[in-house]
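Shown here: target_13.txt, compact mmCIF, C-alpha atoms.
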# COMPACT_ATOMS: atom_id res chain seq x y z
CA MET A 70 106.15 140.39 133.94
CA HIS A 71 103.00 138.43 133.07
CA ARG A 72 100.92 141.65 132.81
CA ARG A 73 103.55 143.28 130.55
CA LEU A 74 103.50 140.27 128.22
CA LEU A 75 99.71 140.47 127.89
CA VAL A 76 99.90 144.16 126.90
CA VAL A 77 102.53 143.44 124.26
CA LEU A 78 100.44 140.60 122.80
CA ALA A 79 97.33 142.78 122.70
CA LEU A 80 99.14 145.57 120.86
CA ALA A 81 100.53 143.07 118.38
CA ALA A 82 97.04 141.73 117.71
CA LEU A 83 95.79 145.25 116.96
CA VAL A 84 98.63 145.86 114.50
CA VAL A 85 97.92 142.57 112.70
CA ALA A 86 94.20 143.33 112.51
CA GLY A 87 94.90 146.75 111.03
CA ALA A 88 97.23 145.26 108.44
CA CYS A 89 94.66 142.68 107.37
CA GLY A 90 91.91 145.25 106.74
CA ASN A 91 89.21 147.02 108.71
CA ASP A 92 85.81 145.49 108.02
CA ASP A 93 84.08 148.06 110.22
CA ASN A 94 85.40 151.04 108.27
CA PRO A 95 82.59 152.16 105.95
CA SER A 96 85.12 153.59 103.50
CA VAL A 97 86.57 150.10 103.01
CA ALA A 98 83.84 147.62 103.88
CA SER A 99 81.48 146.35 101.24
CA GLN A 100 77.97 147.81 101.32
CA GLY A 101 76.46 144.84 99.52
CA GLY A 102 78.18 145.03 96.11
CA SER A 103 81.34 143.69 94.56
CA ASP A 104 82.55 147.09 93.32
CA THR A 105 83.00 148.51 96.83
CA THR A 106 86.18 146.57 97.55
CA ALA A 107 89.58 148.25 97.44
CA ALA A 108 90.78 145.98 94.63
CA ALA A 109 87.68 146.43 92.45
CA GLU A 110 88.16 146.36 88.70
CA PRO A 111 86.55 149.14 86.61
CA VAL A 112 82.91 148.40 85.79
CA THR A 113 81.39 149.08 82.37
CA VAL A 114 77.85 150.47 82.47
CA ARG A 115 75.87 149.78 79.29
CA LEU A 116 73.25 152.52 79.23
CA GLY A 117 70.29 152.83 76.89
CA HIS A 118 68.25 155.86 75.84
CA PHE A 119 66.20 157.18 72.91
CA PRO A 120 67.09 160.03 70.51
CA ASN A 121 64.11 161.98 71.88
CA VAL A 122 63.84 165.31 73.65
CA THR A 123 62.05 163.41 76.44
CA HIS A 124 65.40 161.70 77.03
CA ALA A 125 67.26 165.00 77.30
CA THR A 126 68.67 163.99 80.69
CA ALA A 127 70.46 161.05 79.13
CA ILE A 128 71.61 163.02 76.08
CA VAL A 129 72.99 165.86 78.21
CA GLY A 130 74.65 163.37 80.55
CA VAL A 131 76.43 161.78 77.59
CA GLU A 132 77.20 164.86 75.49
CA LYS A 133 78.44 167.03 78.38
CA GLY A 134 80.51 164.19 79.81
CA LEU A 135 78.59 164.30 83.10
CA PHE A 136 78.16 160.54 83.30
CA ALA A 137 81.79 159.93 82.40
CA LYS A 138 82.97 162.44 85.01
CA ALA A 139 80.78 160.95 87.73
CA LEU A 140 81.71 157.36 86.86
CA GLY A 141 85.42 158.05 87.27
CA GLN A 142 87.37 154.87 86.53
CA ASP A 143 84.18 153.05 85.52
CA LYS A 144 83.30 153.07 81.83
CA LEU A 145 80.17 154.04 79.92
CA GLU A 146 78.79 152.35 76.80
CA VAL A 147 75.71 153.94 75.24
CA LYS A 148 73.12 152.23 73.08
CA THR A 149 70.05 153.91 71.58
CA PHE A 150 66.55 152.59 70.92
CA ASN A 151 63.37 153.81 69.26
CA ALA A 152 60.79 152.74 71.86
CA GLY A 153 60.35 151.16 75.28
CA PRO A 154 59.64 147.52 74.40
CA GLU A 155 62.81 147.41 72.28
CA ALA A 156 64.87 148.79 75.15
CA THR A 157 63.39 146.39 77.70
CA GLU A 158 64.15 143.43 75.43
CA ALA A 159 67.80 144.51 75.44
CA LEU A 160 67.73 144.91 79.22
CA LEU A 161 66.12 141.53 79.85
CA SER A 162 68.61 139.79 77.57
CA GLU A 163 71.40 141.52 79.55
CA ALA A 164 72.61 143.36 76.45
CA ILE A 165 72.42 146.55 78.56
CA ASP A 166 72.49 147.23 82.29
CA ALA A 167 70.29 150.31 82.61
CA THR A 168 68.07 152.40 80.39
CA TYR A 169 65.94 155.51 80.27
CA ILE A 170 62.41 154.42 79.48
CA GLY A 171 58.72 155.17 79.91
CA PRO A 172 56.50 153.78 82.67
CA ASN A 173 54.59 151.02 80.90
CA PRO A 174 57.59 149.17 79.45
CA ALA A 175 59.19 149.40 82.91
CA ILE A 176 56.09 147.85 84.48
CA ASN A 177 56.07 145.08 81.87
CA ALA A 178 59.74 144.33 82.49
CA PHE A 179 59.28 144.28 86.27
CA VAL A 180 56.35 141.88 86.04
CA LYS A 181 57.94 139.64 83.41
CA THR A 182 61.16 139.24 85.40
CA LYS A 183 59.44 139.07 88.81
CA GLY A 184 61.46 141.98 90.12
CA GLY A 185 64.43 141.73 87.78
CA ILE A 186 64.50 145.50 87.22
CA LYS A 187 64.22 148.51 89.52
CA ILE A 188 63.24 152.11 88.89
CA ILE A 189 66.04 154.14 90.46
CA SER A 190 65.24 157.70 89.36
CA GLY A 191 62.90 159.94 87.46
CA ALA A 192 64.11 161.95 84.46
CA THR A 193 61.27 163.72 82.64
CA SER A 194 57.65 164.67 83.25
CA GLY A 195 55.14 165.84 80.64
CA GLY A 196 55.61 166.29 76.92
CA ALA A 197 53.04 163.94 75.37
CA ALA A 198 49.85 164.70 73.46
CA LEU A 199 47.30 163.59 70.90
CA VAL A 200 47.80 165.62 67.72
CA THR A 201 45.15 165.44 64.99
CA LYS A 202 44.16 167.03 61.72
CA PRO A 203 42.73 170.53 62.29
CA GLU A 204 39.26 169.50 61.15
CA ILE A 205 38.97 167.02 64.02
CA THR A 206 37.54 168.99 66.92
CA SER A 207 36.23 166.25 69.22
CA ILE A 208 37.15 162.74 70.28
CA THR A 209 33.95 161.31 68.80
CA GLN A 210 35.23 162.26 65.35
CA LEU A 211 38.03 159.73 65.75
CA LYS A 212 35.63 156.84 65.16
CA GLY A 213 36.70 155.06 61.98
CA LYS A 214 40.02 156.94 61.88
CA LYS A 215 43.63 155.73 62.06
CA ILE A 216 45.75 157.06 64.91
CA ALA A 217 49.45 156.26 65.38
CA THR A 218 51.45 155.51 68.53
CA PRO A 219 55.18 154.76 68.86
CA GLN A 220 54.82 151.04 69.62
CA LEU A 221 52.23 148.58 70.90
CA GLY A 222 52.27 148.63 74.69
CA ASN A 223 54.50 151.67 75.02
CA THR A 224 53.52 154.55 77.31
CA GLN A 225 51.74 156.69 74.72
CA ASP A 226 50.02 153.64 73.21
CA VAL A 227 48.52 152.76 76.59
CA ALA A 228 47.56 156.38 77.26
CA LEU A 229 45.69 156.63 73.96
CA ARG A 230 43.84 153.34 74.39
CA ALA A 231 42.83 154.20 77.95
CA TYR A 232 41.61 157.65 76.95
CA LEU A 233 39.56 156.31 74.05
CA LYS A 234 38.04 153.64 76.31
CA GLU A 235 37.08 156.33 78.81
CA LYS A 236 35.34 158.19 75.98
CA GLY A 237 33.47 155.08 74.88
CA LEU A 238 35.63 154.14 71.88
CA ALA A 239 36.88 150.56 71.66
CA THR A 240 40.29 149.42 70.41
CA ASP A 241 42.21 146.17 70.31
CA ALA A 242 45.81 145.09 69.91
CA GLN A 243 45.19 143.95 66.33
CA GLY A 244 44.13 147.38 65.10
CA GLY A 245 40.41 146.72 65.24
CA GLY A 246 37.63 148.45 67.13
CA ASP A 247 36.12 151.90 66.75
CA VAL A 248 39.52 153.52 66.24
CA THR A 249 42.38 151.83 64.39
CA ILE A 250 45.58 152.28 66.36
CA LEU A 251 48.65 151.93 64.18
CA PRO A 252 51.90 151.42 66.12
CA GLN A 253 54.85 152.69 64.11
CA GLU A 254 58.21 154.36 64.59
CA ASN A 255 57.98 158.06 65.33
CA SER A 256 60.18 158.79 62.32
CA LEU A 257 57.43 157.42 60.05
CA THR A 258 54.55 159.13 61.80
CA LEU A 259 55.15 162.63 60.48
CA ASP A 260 55.18 161.47 56.83
CA SER A 261 52.11 159.31 57.42
CA PHE A 262 50.35 162.30 58.95
CA LYS A 263 51.28 164.64 56.13
CA SER A 264 50.15 162.15 53.48
CA GLY A 265 46.83 161.54 55.20
CA GLN A 266 47.47 157.85 55.91
CA ILE A 267 46.77 158.61 59.57
CA GLN A 268 44.58 161.32 61.03
CA GLY A 269 46.47 161.76 64.26
CA ALA A 270 49.04 160.40 66.70
CA TRP A 271 49.57 160.21 70.45
CA VAL A 272 53.31 160.80 70.70
CA PRO A 273 56.01 162.27 72.94
CA GLU A 274 58.07 165.34 72.19
CA PRO A 275 59.61 166.40 69.87
CA TRP A 276 57.02 164.68 67.70
CA VAL A 277 54.16 166.62 69.23
CA SER A 278 55.78 169.87 68.14
CA ARG A 279 56.83 168.44 64.76
CA LEU A 280 53.30 167.28 63.95
CA VAL A 281 52.02 170.75 64.81
CA LEU A 282 54.75 172.93 63.29
CA ASP A 283 55.80 170.76 60.33
CA GLY A 284 52.65 168.74 59.78
CA GLY A 285 49.99 171.39 60.26
CA GLY A 286 48.27 169.45 63.04
CA LYS A 287 46.79 170.65 66.30
CA VAL A 288 46.88 169.36 69.85
CA LEU A 289 43.51 167.80 70.58
CA VAL A 290 44.50 166.37 73.98
CA ASP A 291 47.51 167.56 75.98
CA GLU A 292 48.19 164.66 78.34
CA LYS A 293 49.19 166.94 81.22
CA THR A 294 45.55 168.07 81.44
CA LEU A 295 44.65 164.51 82.48
CA TRP A 296 46.94 164.41 85.54
CA PRO A 297 46.83 166.14 88.96
CA GLY A 298 49.05 169.20 88.81
CA GLY A 299 49.91 168.31 85.22
CA GLU A 300 52.64 165.95 86.46
CA PHE A 301 53.15 162.45 85.10
CA VAL A 302 56.21 160.35 84.42
CA THR A 303 57.33 160.31 80.82
CA THR A 304 60.85 158.99 81.30
CA HIS A 305 62.66 157.40 84.21
CA LEU A 306 65.83 155.40 84.74
CA ILE A 307 65.68 151.65 85.36
CA VAL A 308 68.46 149.17 86.07
CA ARG A 309 68.78 145.41 86.18
CA THR A 310 68.34 144.35 89.82
CA LYS A 311 71.33 142.02 89.59
CA PHE A 312 73.57 144.84 88.34
CA LEU A 313 72.31 147.11 91.13
CA GLU A 314 73.07 144.48 93.76
CA GLU A 315 76.52 143.70 92.37
CA HIS A 316 77.62 147.28 91.65
CA PRO A 317 75.85 149.72 94.01
CA ASP A 318 78.75 152.18 93.99
CA THR A 319 78.75 152.29 90.20
CA VAL A 320 74.99 152.89 90.21
CA LYS A 321 75.51 155.69 92.73
CA ARG A 322 78.03 157.34 90.44
CA LEU A 323 75.68 156.94 87.48
CA LEU A 324 72.95 158.67 89.51
CA GLU A 325 75.33 161.48 90.40
CA GLY A 326 75.71 162.04 86.67
CA GLN A 327 71.92 161.87 86.25
CA VAL A 328 71.33 164.53 88.92
CA ALA A 329 74.06 166.72 87.45
CA ALA A 330 72.43 166.45 84.00
CA ASN A 331 69.04 167.58 85.31
CA GLU A 332 70.68 170.45 87.18
CA TYR A 333 72.33 171.52 83.94
CA LEU A 334 68.99 171.35 82.10
CA ALA A 335 67.34 173.49 84.77
CA GLU A 336 70.07 176.12 84.79
CA ASN A 337 70.97 176.29 81.08
CA SER A 338 67.76 175.75 79.13
CA THR A 339 68.75 177.59 75.95
CA GLU A 340 72.23 176.09 75.74
CA ALA A 341 70.82 172.67 76.66
CA GLN A 342 68.53 172.78 73.64
CA THR A 343 71.59 172.99 71.40
CA VAL A 344 73.35 170.18 73.28
CA VAL A 345 70.30 167.92 73.02
CA ASN A 346 69.74 168.78 69.36
CA ASP A 347 73.36 168.00 68.51
CA GLY A 348 73.05 164.72 70.40
CA ILE A 349 69.92 163.75 68.49
CA ALA A 350 71.64 164.62 65.20
CA LYS A 351 74.55 162.31 66.03
CA ILE A 352 72.13 159.41 66.36
CA THR A 353 69.55 160.17 63.68
CA GLY A 354 71.70 162.12 61.22
CA LYS A 355 69.37 165.12 61.34
CA LYS A 356 68.84 168.07 63.67
CA LEU A 357 65.47 169.34 64.77
CA ALA A 358 64.43 172.81 63.68
CA ASP A 359 65.17 175.41 66.35
CA ASN A 360 61.50 176.28 66.74
CA VAL A 361 60.62 172.60 67.22
CA ILE A 362 63.09 171.94 70.00
CA ALA A 363 62.22 175.25 71.69
CA ALA A 364 58.52 174.34 71.63
CA ALA A 365 59.26 170.84 72.93
CA PHE A 366 61.30 172.11 75.88
CA LYS A 367 58.38 174.29 76.99
CA ASN A 368 56.24 171.17 77.39
CA LEU A 369 58.77 169.20 79.46
CA THR A 370 59.92 169.21 83.07
CA PHE A 371 63.24 167.52 83.80
CA THR A 372 63.08 166.05 87.27
CA ASP A 373 64.71 163.34 89.38
CA ASP A 374 61.28 162.65 90.91
CA PRO A 375 59.80 159.52 89.27
CA VAL A 376 56.23 160.79 89.97
CA ALA A 377 55.39 157.35 91.35
CA SER A 378 51.65 158.00 91.69
CA SER A 379 51.32 158.26 87.91
CA LEU A 380 53.07 154.91 87.43
CA ARG A 381 50.34 153.06 89.30
CA GLU A 382 47.66 154.71 87.19
CA SER A 383 49.54 153.84 84.00
CA ALA A 384 49.56 150.22 85.14
CA ASP A 385 45.82 150.36 85.84
CA ASP A 386 45.28 151.81 82.35
CA ALA A 387 47.26 148.99 80.73
CA VAL A 388 45.13 146.47 82.62
CA ALA A 389 41.92 148.22 81.58
CA VAL A 390 42.77 148.05 77.87
CA GLY A 391 43.83 144.42 78.00
CA LEU A 392 47.57 144.85 77.55
CA LEU A 393 48.58 143.76 81.07
CA GLN A 394 47.43 141.45 83.83
CA LYS A 395 46.94 143.29 87.12
CA PRO A 396 50.49 143.61 88.44
CA ASP A 397 51.95 143.61 91.93
CA LEU A 398 54.27 146.61 91.86
CA THR A 399 55.66 146.09 95.35
CA GLY A 400 59.39 146.76 95.22
CA ILE A 401 59.50 148.25 91.73
CA TYR A 402 61.23 151.37 93.12
CA ASP A 403 64.63 151.45 94.77
CA LEU A 404 65.30 155.12 95.47
CA LYS A 405 67.68 154.79 98.42
CA ILE A 406 70.80 155.54 96.42
CA LEU A 407 69.17 158.45 94.57
CA ASN A 408 67.95 160.00 97.82
CA GLY A 409 71.44 159.68 99.26
CA VAL A 410 72.81 161.59 96.26
CA LEU A 411 70.08 164.23 96.56
CA GLU A 412 70.64 164.61 100.30
CA ALA A 413 74.37 165.11 99.78
CA LYS A 414 73.54 168.02 97.45
CA GLY A 415 70.95 169.52 99.80
CA LEU A 416 68.07 168.57 97.49
CA THR A 417 64.65 167.19 98.41
CA ALA A 418 64.23 163.43 98.63
CA VAL A 419 61.73 161.71 96.33
CA LYS A 420 59.16 158.98 97.04
CA GLY A 421 58.18 155.66 95.51
CA LEU A 422 54.80 153.96 95.81

Please re-express this file's structure in structure tokens.
Amino acid sequence: MHRRLLVVLALAALVVAGACGNDDNPSVASQGGSDTTAAAEPVTVRLGHFPNVTHATAIVGVEKGLFAKALGQDKLEVKTFNAGPEATEALLSEAIDATYIGPNPAINAFVKTKGGIKIISGATSGGAALVTKPEITSITQLKGKKIATPQLGNTQDVALRAYLKEKGLATDAQGGGDVTILPQENSLTLDSFKSGQIQGAWVPEPWVSRLVLDGGGKVLVDEKTLWPGGEFVTTHLIVRTKFLEEHPDTVKRLLEGQVAANEYLAENSTEAQTVVNDGIAKITGKKLADNVIAAAFKNLTFTDDPVASSLRESADDAVAVGLLQKPDLTGIYDLKILNGVLEAKGLTAVKGL
């Protein structure tokens, strides 16, 4: 009788435990974030990107509904910016949760917040160059000239300053030195170039192609020639560390949309050009010429790989030109979730530093 009572009590305990929840079941248990619980409320992801061809991953993800599909019950809010420092300011003030951005603004944000952001995926490699007037045939001819970049401290600005320094030409953040660097919005650069106010610009696509095709310029330095294998990060996806820690499942779904967008770009290049062009027109009010966007796509590689080796060199370049104190980049990448998404699709994992 005593043994039978013990069995009954044990079975009752199992039933009660099952009714109260199973903390060991990975489909129910939290994996470190608040949005993994069964009663989670929908999460709104505020995502930033630029109206640039180099942000085609983001534009395709939005325009084709790939982010929305992957996010499911979670919501997406999109905000657009003109350059990296502007986007990082929004991120650091918690006006957005994640953004597509270039390497140097990401480094600056990581250092400034002492780890408050993480790089969670690549997006684009390549697609940046120094375009000059046709009569300029060598770097030495840039002495005394005005050259534009998108914004002080952005990725192309650092690349130009580092390249000029390597060639023996000095610059400073105030526009002095051997070459005057004039940070300005890309939308102003083409007109400035045509009017002769500037003699060149180090810019990302589609502005490289626009300066050549619409402005009569020529590519003096294609940045891919400066990197091993021609690969360097132009755009990657960063997220606030706090948001990542609180909503890992939402971030996973966002990355599923990211991977789907890059797959679409790889498999539907011609159609994707139209999608991206329409997306840019929605933001800027004007489409790119078909020959411009076609030329830009040829210079870009859309990849989930963040090309981490190029990030470290970009940081070293920013230090060398006086725009950054030597940073400790330990922990700037968190690629675990991305690699889980890639593995589930049978794709190759990527590496951080």

Who sits within 8 Å of Ala377 (chain A), all atoms listed in the file, same chain under 6 positions skipped, as a PyMOL selection string | chain A and resi 302+420-422

Within 12 Å of Phe312 (chain A), counting all atoms listed in the file, which residues show up once you throw out same-chain ones fewer than 2 positions away? Write them as an MDAnalysis selection string, please.
-> chainID A and resid 101:104 112:116 160:161 163 165:167 185:187 307:310 314:321

Distance table requested - region 356-422 of chain A against region 126-149 of chain A, cut-off 10 Å, only C-alpha atoms: one row per qualifying residue with the closest atom pair and its distance in Å to one decimal, ordered by chain and rising residue number, as JSON lines.
{"residue": "A:Phe371", "atom": "CA", "partner": "A:Thr126", "partner_atom": "CA", "distance": 7.2}
{"residue": "A:Thr372", "atom": "CA", "partner": "A:Thr126", "partner_atom": "CA", "distance": 8.9}
{"residue": "A:Asp373", "atom": "CA", "partner": "A:Thr126", "partner_atom": "CA", "distance": 9.6}

Who sits within 12 Å of Glu332 (chain A), all atoms listed in the file, same chain under 2 positions skipped, as an MDAnalysis selection string | chainID A and resid 125:126 129:130 135 192 325:330 334:338 341 370:373 411 414 416

Separation of CA of Thr304 (chain A) and CA of Glu155 (chain A), in Å?
-> 14.8 Å

Excluding region 263-270 of chain A and residues on its chain fewer than 6 positions from it, collect all residues at most 9 Å away from it, counting only C-alpha atoms, and give them as a ChimeraX atom specification.
-> /A:198-202,205,211,214-219,229,250-251,277,280,283-286

Those same residues - C-alpha atoms - I'd like them written as an mmCIF file, in the frame of the given file.
data_model
loop_
_atom_site.group_PDB
_atom_site.id
_atom_site.type_symbol
_atom_site.label_atom_id
_atom_site.label_comp_id
_atom_site.auth_asym_id
_atom_site.auth_seq_id
_atom_site.Cartn_x
_atom_site.Cartn_y
_atom_site.Cartn_z
ATOM 1 C CA ALA A 198 49.850 164.700 73.460
ATOM 2 C CA LEU A 199 47.300 163.590 70.900
ATOM 3 C CA VAL A 200 47.800 165.620 67.720
ATOM 4 C CA THR A 201 45.150 165.440 64.990
ATOM 5 C CA LYS A 202 44.160 167.030 61.720
ATOM 6 C CA ILE A 205 38.970 167.020 64.020
ATOM 7 C CA LEU A 211 38.030 159.730 65.750
ATOM 8 C CA LYS A 214 40.020 156.940 61.880
ATOM 9 C CA LYS A 215 43.630 155.730 62.060
ATOM 10 C CA ILE A 216 45.750 157.060 64.910
ATOM 11 C CA ALA A 217 49.450 156.260 65.380
ATOM 12 C CA THR A 218 51.450 155.510 68.530
ATOM 13 C CA PRO A 219 55.180 154.760 68.860
ATOM 14 C CA LEU A 229 45.690 156.630 73.960
ATOM 15 C CA ILE A 250 45.580 152.280 66.360
ATOM 16 C CA LEU A 251 48.650 151.930 64.180
ATOM 17 C CA VAL A 277 54.160 166.620 69.230
ATOM 18 C CA LEU A 280 53.300 167.280 63.950
ATOM 19 C CA ASP A 283 55.800 170.760 60.330
ATOM 20 C CA GLY A 284 52.650 168.740 59.780
ATOM 21 C CA GLY A 285 49.990 171.390 60.260
ATOM 22 C CA GLY A 286 48.270 169.450 63.040
#

So which residues touch Trp296 (chain A) within 12 Å, counting all atoms listed in the file, skipping near sequence neighbours fewer than 2 positions away, as a list of chain:residue names?
->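 Neighbouring residues, sequence-local ones excluded: A:Ser194, A:Gly195, A:Ala197, A:Ala228, A:Val290, A:Asp291, A:Glu292, A:Lys293, A:Thr294, A:Gly298, A:Gly299, A:Glu300, A:Phe301, A:Val302, A:Val376, A:Ser378, A:Ser379, A:Leu380, A:Glu382, A:Ser383.
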
Enter the distance from CA of Thr303 (chain A) to CA of Trp271 (chain A), in Å, rounded to one decimal.
->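 A separation of 13.0 Å between them.
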
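Coordinates place CA of Asn173 (chain A) at a distance of 22.6 Å from CA of Leu289 (chain A).
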
Ala387 (chain A) proximity check over A:Val345, A:Ile362, A:Leu282, A:Val227, using all atoms listed in the file: winner is A:Val227

Proximity to Gly171 (chain A) - best of A:His305, A:Gly400, A:Ser261, A:Ile349, all atoms listed in the file |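 Looking only at the distances to Gly171 (chain A), the closest residue turns out to be A:His305.
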
Residue nearest Pro396 (chain A) - candidates A:Val419, A:Val180, A:Ile352, A:Ala239, atoms counted: only C-alpha atoms =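 The answer is A:Val180, which sits nearest to Pro396 (chain A).
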
Which is closest to Ala178 (chain A) among A:Gly196, A:Pro273, A:Ile401, A:Gly391, if we use only C-alpha atoms?
-> A:Ile401

Between A:Glu412, A:Glu110, A:Val388, A:Thr123, smallest distance to Gln342 (chain A) by only C-alpha atoms belongs to A:Thr123

Since the input lacks some atoms of region 248-256 of chain A, please model all heavy atoms and print them as a PDB file, in the frame of the given file.
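Written out: selection-v7.pdb:
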ATOM      1  N   VAL A 248      38.387 152.734  66.732  1.00  0.00           N
ATOM      2  CA  VAL A 248      39.520 153.520  66.240  1.00  0.00           C
ATOM      3  C   VAL A 248      40.669 152.556  65.938  1.00  0.00           C
ATOM      4  O   VAL A 248      41.018 151.719  66.764  1.00  0.00           O
ATOM      5  CB  VAL A 248      39.986 154.559  67.284  1.00  0.00           C
ATOM      6  CG1 VAL A 248      41.166 155.371  66.745  1.00  0.00           C
ATOM      7  CG2 VAL A 248      38.835 155.478  67.679  1.00  0.00           C
ATOM      8  N   THR A 249      41.238 152.672  64.753  1.00  0.00           N
ATOM      9  CA  THR A 249      42.380 151.830  64.390  1.00  0.00           C
ATOM     10  C   THR A 249      43.653 152.466  64.918  1.00  0.00           C
ATOM     11  O   THR A 249      44.012 153.583  64.517  1.00  0.00           O
ATOM     12  CB  THR A 249      42.489 151.681  62.862  1.00  0.00           C
ATOM     13  OG1 THR A 249      41.320 151.014  62.384  1.00  0.00           O
ATOM     14  CG2 THR A 249      43.721 150.874  62.484  1.00  0.00           C
ATOM     15  N   ILE A 250      44.310 151.770  65.824  1.00  0.00           N
ATOM     16  CA  ILE A 250      45.580 152.280  66.360  1.00  0.00           C
ATOM     17  C   ILE A 250      46.709 151.597  65.600  1.00  0.00           C
ATOM     18  O   ILE A 250      46.791 150.368  65.539  1.00  0.00           O
ATOM     19  CB  ILE A 250      45.697 152.034  67.864  1.00  0.00           C
ATOM     20  CG1 ILE A 250      44.604 152.828  68.599  1.00  0.00           C
ATOM     21  CG2 ILE A 250      47.085 152.444  68.364  1.00  0.00           C
ATOM     22  CD1 ILE A 250      44.637 152.685  70.092  1.00  0.00           C
ATOM     23  N   LEU A 251      47.577 152.411  65.024  1.00  0.00           N
ATOM     24  CA  LEU A 251      48.650 151.930  64.180  1.00  0.00           C
ATOM     25  C   LEU A 251      50.002 152.201  64.843  1.00  0.00           C
ATOM     26  O   LEU A 251      50.535 153.312  64.758  1.00  0.00           O
ATOM     27  CB  LEU A 251      48.596 152.619  62.817  1.00  0.00           C
ATOM     28  CG  LEU A 251      49.651 152.228  61.783  1.00  0.00           C
ATOM     29  CD1 LEU A 251      49.503 150.756  61.402  1.00  0.00           C
ATOM     30  CD2 LEU A 251      49.546 153.121  60.552  1.00  0.00           C
ATOM     31  N   PRO A 252      50.575 151.210  65.535  1.00  0.00           N
ATOM     32  CA  PRO A 252      51.900 151.420  66.120  1.00  0.00           C
ATOM     33  C   PRO A 252      52.964 151.494  65.033  1.00  0.00           C
ATOM     34  O   PRO A 252      53.016 150.630  64.153  1.00  0.00           O
ATOM     35  CB  PRO A 252      52.099 150.165  66.991  1.00  0.00           C
ATOM     36  CG  PRO A 252      50.720 149.614  67.208  1.00  0.00           C
ATOM     37  CD  PRO A 252      49.992 149.922  65.936  1.00  0.00           C
ATOM     38  N   GLN A 253      53.766 152.544  65.082  1.00  0.00           N
ATOM     39  CA  GLN A 253      54.850 152.690  64.110  1.00  0.00           C
ATOM     40  C   GLN A 253      55.935 153.592  64.672  1.00  0.00           C
ATOM     41  O   GLN A 253      55.694 154.339  65.626  1.00  0.00           O
ATOM     42  CB  GLN A 253      54.328 153.272  62.789  1.00  0.00           C
ATOM     43  CG  GLN A 253      53.723 154.642  62.888  1.00  0.00           C
ATOM     44  CD  GLN A 253      53.189 155.159  61.549  1.00  0.00           C
ATOM     45  OE1 GLN A 253      53.033 154.426  60.587  1.00  0.00           O
ATOM     46  NE2 GLN A 253      52.886 156.441  61.503  1.00  0.00           N
ATOM     47  N   GLU A 254      57.113 153.514  64.110  1.00  0.00           N
ATOM     48  CA  GLU A 254      58.210 154.360  64.590  1.00  0.00           C
ATOM     49  C   GLU A 254      57.857 155.829  64.402  1.00  0.00           C
ATOM     50  O   GLU A 254      57.244 156.219  63.402  1.00  0.00           O
ATOM     51  CB  GLU A 254      59.498 154.034  63.833  1.00  0.00           C
ATOM     52  CG  GLU A 254      60.077 152.671  64.163  1.00  0.00           C
ATOM     53  CD  GLU A 254      61.436 152.458  63.512  1.00  0.00           C
ATOM     54  OE1 GLU A 254      62.001 153.439  62.981  1.00  0.00           O
ATOM     55  OE2 GLU A 254      61.919 151.324  63.540  1.00  0.00           O
ATOM     56  N   ASN A 255      58.288 156.627  65.380  1.00  0.00           N
ATOM     57  CA  ASN A 255      57.980 158.060  65.330  1.00  0.00           C
ATOM     58  C   ASN A 255      58.490 158.704  64.043  1.00  0.00           C
ATOM     59  O   ASN A 255      57.878 159.649  63.529  1.00  0.00           O
ATOM     60  CB  ASN A 255      58.589 158.769  66.537  1.00  0.00           C
ATOM     61  CG  ASN A 255      57.899 158.387  67.834  1.00  0.00           C
ATOM     62  OD1 ASN A 255      56.692 158.171  67.862  1.00  0.00           O
ATOM     63  ND2 ASN A 255      58.660 158.298  68.911  1.00  0.00           N
ATOM     64  N   SER A 256      59.601 158.197  63.527  1.00  0.00           N
ATOM     65  CA  SER A 256      60.180 158.790  62.320  1.00  0.00           C
ATOM     66  C   SER A 256      59.262 158.634  61.107  1.00  0.00           C
ATOM     67  O   SER A 256      59.353 159.405  60.148  1.00  0.00           O
ATOM     68  CB  SER A 256      61.542 158.162  62.023  1.00  0.00           C
ATOM     69  OG  SER A 256      61.421 156.760  61.853  1.00  0.00           O
TER      70      SER A 256
END
